[in-house]
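Enquirer: Got a structure for you, questions after.
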Amino acid sequence: MRILGAKNYDEMSRKAANIISAQVTLNPKSVLGLATGSSPIGLYNHLIKLHGQGDISFSECQAVNLDEYLGLDKNSDQSYAYFMYENLFKHVDIKLENTYIPNGMNTDECAESERYNAVIEKLGGVDIQLLGIGNNGHIAFNEPDDVFAKKTHCVELTQNTIEANARFFDNIDDIPKKAYTMGVQSIMSAKKIVLVASGVGKAEILYQTVAGGITPNVPASVLQLHNDVTIIADEDALSVIREKAPHLINN
Ligand code: F6R
């Protein structure tokens, strides 16, 4: 596990975008595992800029997203499908038919989970997986639990996650209570993982993620078992690691 510091959100975003950009340059047919939320928006902006300058093309890439709310149509402006279109896909040359996300409108949870697992399998797995981290340690929507869920499944979101995501909705009651998410095994099967974290609200859980025991109660802690994880965090998110385990920070 590599832990890289950044002085602020913008530097974190640029460093992460450079890693994704290098991946796409070295392998234009990369399968990119993508995330939503506040953490990756800056890095998507940098990728858009690099694409605009003619430095990278996504025309041969495939993109597979981590999760989607149950009950939201892809055209709903709160859906993750809409988020990806607005924040990345419509600005670059990725082919929309090469982008994948769980179908939030499929209420047959088993069928949708199996369909999405088959999509990932058919793509041959993910080359580089981008992650954010919830302030409860979730990755994708794998919430703290007694066991690690393996593949795509439907989860009940915790109250903590619902409250953390309330900022994206007009009314807290509008937030779906369930979501489809890739499982921990799906995430851990990616060849490379890049996790971005920003803000003091992530500081304690980031410390537990990298320095604590590996436990499904802190789902992100499982990343300690992956052999190619890069965490890029701004100084606020790094603050507890800096205080309690500075030797873990690479630079
Ligand atoms: C989003 C996702 C979530 C977020 C996490 C952090 O696709 O899978 O795990 O990465 O909730 O969200 P932000 O970045 O908004 O703090």
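Chain labels A, B, ... are given in the sequence in which chains occur in the structure tokens; within each chain residues are numbered consecutively from 1, and ligands are likewise numbered from 1 in the order shown.
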Kindly provide, as a VMD selection string, all nucleotide and amino acid residues lying within 7 Å of ligand 1, counting only C-alpha atoms and all ligand atoms.
Expert: chain A and resid 35 to 40 66 to 67 131 to 134 138 to 141 161 165
Enquirer: Tell me which protein, DNA and RNA residues are within 9 Å of Leu195 in chain A, counting only C-alpha atoms, leaving out same-chain ones fewer than 4 positions away, and put them as a PyMOL selection string.
Expert: chain A and resi 16+129-133+229-233
Enquirer: Near His51 in chain A, counting only C-alpha atoms, which residues have an atom at most 10 Å away, once you skip same-chain residues fewer than 5 positions from it, shown as JSON, numbers by chain?
Expert: {"A": [21, 45, 46, 56, 57, 58, 91, 92, 93]}
Enquirer: Please report as CSV every residue of range 174-228 of chain A lying within 7 Å of range 1-10 of chain A, along with the nearest atom pair and their distance in Å (one decimal), using only C-alpha atoms.
Expert:
```
residue,atom,partner,partner_atom,distance
A:Ser198,CA,A:Tyr9,CA,6.2
A:Gln224,CA,A:Met1,CA,6.6
A:Asn227,CA,A:Met1,CA,6.9
A:Asp228,CA,A:Met1,CA,6.3
```
Enquirer: Excluding same-chain residues fewer than 4 positions from Pro246 in chain A, what lies within 12 Å of it counting only C-alpha atoms, as a ChimeraX atom specification?
Expert: /A:3-5,207,210-211,238-242,250-251
Enquirer: With DSSP run on the backbone, what are the alpha helix (DSSP H) residues within range 24-58 of chain A? I'd like them as a list in words.
Expert: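 Of range 24-58 of chain A, the ones in alpha helix (DSSP H) are Val24, Thr25, Leu26, Ile41, Gly42, Leu43, Tyr44, Asn45, His46, Leu47, Ile48, Lys49, Leu50, His51 and Gly52 of chain A.
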Enquirer: Can you spit out the residues from that selection as a compact mmCIF listing (two decimals), in the first residue's frame, using all heavy atoms?
Expert:
```txt
# COMPACT_ATOMS: atom_id res chain seq x y z
N VAL A 24 -4.31 4.85 -18.94
CA VAL A 24 -5.00 4.90 -20.24
C VAL A 24 -3.97 5.07 -21.37
O VAL A 24 -4.13 4.52 -22.46
CB VAL A 24 -6.05 6.05 -20.24
CG1 VAL A 24 -6.64 6.25 -21.61
CG2 VAL A 24 -7.14 5.73 -19.22
N THR A 25 -2.90 5.79 -21.10
CA THR A 25 -1.86 5.96 -22.12
C THR A 25 -1.15 4.63 -22.38
O THR A 25 -0.92 4.25 -23.53
CB THR A 25 -0.83 7.02 -21.64
OG1 THR A 25 -1.55 8.23 -21.39
CG2 THR A 25 0.24 7.28 -22.69
N LEU A 26 -0.83 3.93 -21.29
CA LEU A 26 -0.10 2.67 -21.46
C LEU A 26 -0.99 1.58 -22.04
O LEU A 26 -0.53 0.72 -22.78
CB LEU A 26 0.47 2.21 -20.11
CG LEU A 26 1.60 3.09 -19.56
CD1 LEU A 26 1.95 2.70 -18.13
CD2 LEU A 26 2.84 2.97 -20.45
N ILE A 41 -14.70 14.15 -8.17
CA ILE A 41 -15.12 15.18 -9.13
C ILE A 41 -13.91 15.97 -9.65
O ILE A 41 -13.77 16.20 -10.85
CB ILE A 41 -16.17 16.12 -8.51
CG1 ILE A 41 -17.49 15.36 -8.32
CG2 ILE A 41 -16.40 17.35 -9.39
CD1 ILE A 41 -18.60 16.17 -7.70
N GLY A 42 -13.00 16.34 -8.75
CA GLY A 42 -11.83 17.11 -9.17
C GLY A 42 -10.95 16.31 -10.12
O GLY A 42 -10.42 16.83 -11.10
N LEU A 43 -10.81 15.03 -9.84
CA LEU A 43 -9.95 14.23 -10.71
C LEU A 43 -10.61 14.03 -12.07
O LEU A 43 -9.93 14.04 -13.11
CB LEU A 43 -9.52 12.94 -10.03
CG LEU A 43 -10.17 11.60 -10.22
CD1 LEU A 43 -9.65 10.91 -11.46
CD2 LEU A 43 -9.87 10.75 -9.01
N TYR A 44 -11.95 13.92 -12.10
CA TYR A 44 -12.63 13.85 -13.40
C TYR A 44 -12.41 15.16 -14.17
O TYR A 44 -12.18 15.15 -15.37
CB TYR A 44 -14.13 13.57 -13.22
CG TYR A 44 -14.43 12.16 -12.70
CD1 TYR A 44 -15.59 11.88 -11.98
CD2 TYR A 44 -13.55 11.11 -12.94
CE1 TYR A 44 -15.85 10.59 -11.50
CE2 TYR A 44 -13.80 9.83 -12.46
CZ TYR A 44 -14.96 9.58 -11.74
OH TYR A 44 -15.21 8.31 -11.27
N ASN A 45 -12.44 16.29 -13.46
CA ASN A 45 -12.18 17.56 -14.14
C ASN A 45 -10.78 17.59 -14.76
O ASN A 45 -10.59 18.08 -15.87
CB ASN A 45 -12.33 18.74 -13.17
CG ASN A 45 -13.80 19.01 -12.87
OD1 ASN A 45 -14.67 18.66 -13.67
ND2 ASN A 45 -14.09 19.62 -11.73
N HIS A 46 -9.81 17.05 -14.04
CA HIS A 46 -8.46 17.01 -14.60
C HIS A 46 -8.37 16.08 -15.79
O HIS A 46 -7.69 16.38 -16.77
CB HIS A 46 -7.45 16.61 -13.52
CG HIS A 46 -7.11 17.75 -12.60
ND1 HIS A 46 -6.33 18.81 -13.00
CD2 HIS A 46 -7.49 18.01 -11.34
CE1 HIS A 46 -6.23 19.68 -12.01
NE2 HIS A 46 -6.93 19.22 -10.99
N LEU A 47 -9.07 14.96 -15.73
CA LEU A 47 -9.06 14.05 -16.89
C LEU A 47 -9.70 14.73 -18.10
O LEU A 47 -9.23 14.58 -19.23
CB LEU A 47 -9.83 12.75 -16.56
CG LEU A 47 -9.15 11.80 -15.56
CD1 LEU A 47 -10.03 10.58 -15.30
CD2 LEU A 47 -7.77 11.35 -16.07
N ILE A 48 -10.77 15.49 -17.84
CA ILE A 48 -11.44 16.22 -18.93
C ILE A 48 -10.46 17.21 -19.56
O ILE A 48 -10.36 17.34 -20.78
CB ILE A 48 -12.72 16.92 -18.41
CG1 ILE A 48 -13.77 15.88 -18.00
CG2 ILE A 48 -13.28 17.90 -19.44
CD1 ILE A 48 -14.91 16.42 -17.15
N LYS A 49 -9.68 17.87 -18.68
CA LYS A 49 -8.70 18.84 -19.18
C LYS A 49 -7.63 18.13 -20.03
O LYS A 49 -7.29 18.56 -21.12
CB LYS A 49 -8.04 19.53 -17.97
CG LYS A 49 -7.61 20.95 -18.27
CD LYS A 49 -6.97 21.62 -17.07
CE LYS A 49 -7.94 22.02 -15.96
NZ LYS A 49 -7.28 22.47 -14.74
N LEU A 50 -7.12 17.01 -19.51
CA LEU A 50 -6.09 16.27 -20.25
C LEU A 50 -6.63 15.80 -21.59
O LEU A 50 -5.94 15.84 -22.61
CB LEU A 50 -5.61 15.06 -19.43
CG LEU A 50 -4.78 15.41 -18.19
CD1 LEU A 50 -4.57 14.17 -17.31
CD2 LEU A 50 -3.41 15.98 -18.61
N HIS A 51 -7.89 15.39 -21.60
CA HIS A 51 -8.51 14.96 -22.85
C HIS A 51 -8.64 16.15 -23.80
O HIS A 51 -8.32 16.06 -25.00
CB HIS A 51 -9.88 14.32 -22.57
CG HIS A 51 -10.63 14.03 -23.81
ND1 HIS A 51 -11.65 14.83 -24.28
CD2 HIS A 51 -10.48 13.06 -24.73
CE1 HIS A 51 -12.08 14.35 -25.42
NE2 HIS A 51 -11.40 13.28 -25.72
N GLY A 52 -9.06 17.29 -23.27
CA GLY A 52 -9.23 18.50 -24.08
C GLY A 52 -7.92 18.95 -24.72
O GLY A 52 -7.90 19.48 -25.83
```
Enquirer: Tell me which protein, DNA and RNA residues are within 10 Å of Ala164 in chain A, counting only C-alpha atoms, leaving out same-chain ones fewer than 6 positions away, and put them as number ranges by chain.
Expert: A: 134-136, 158
Enquirer: Include N, CA, C and O atoms and write out the residues we just selected as a CSV table (one decimal), in the first residue's frame.
Expert:
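File result32.csv, as written:
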```csv
chain,number,residue,atom,x,y,z
A,134,GLY,N,-16.2,6.0,2.6
A,134,GLY,CA,-17.2,6.6,3.4
A,134,GLY,C,-16.6,7.0,4.8
A,134,GLY,O,-15.6,6.4,5.2
A,135,ASN,N,-17.2,7.9,5.5
A,135,ASN,CA,-16.6,8.2,6.8
A,135,ASN,C,-16.9,7.1,7.8
A,135,ASN,O,-16.4,7.1,8.9
A,136,ASN,N,-17.7,6.1,7.4
A,136,ASN,CA,-17.8,4.8,8.2
A,136,ASN,C,-16.9,3.7,7.7
A,136,ASN,O,-17.0,2.6,8.1
A,158,THR,N,-26.7,2.4,5.5
A,158,THR,CA,-26.8,2.7,6.9
A,158,THR,C,-27.2,4.2,7.1
A,158,THR,O,-27.1,5.0,6.1
```
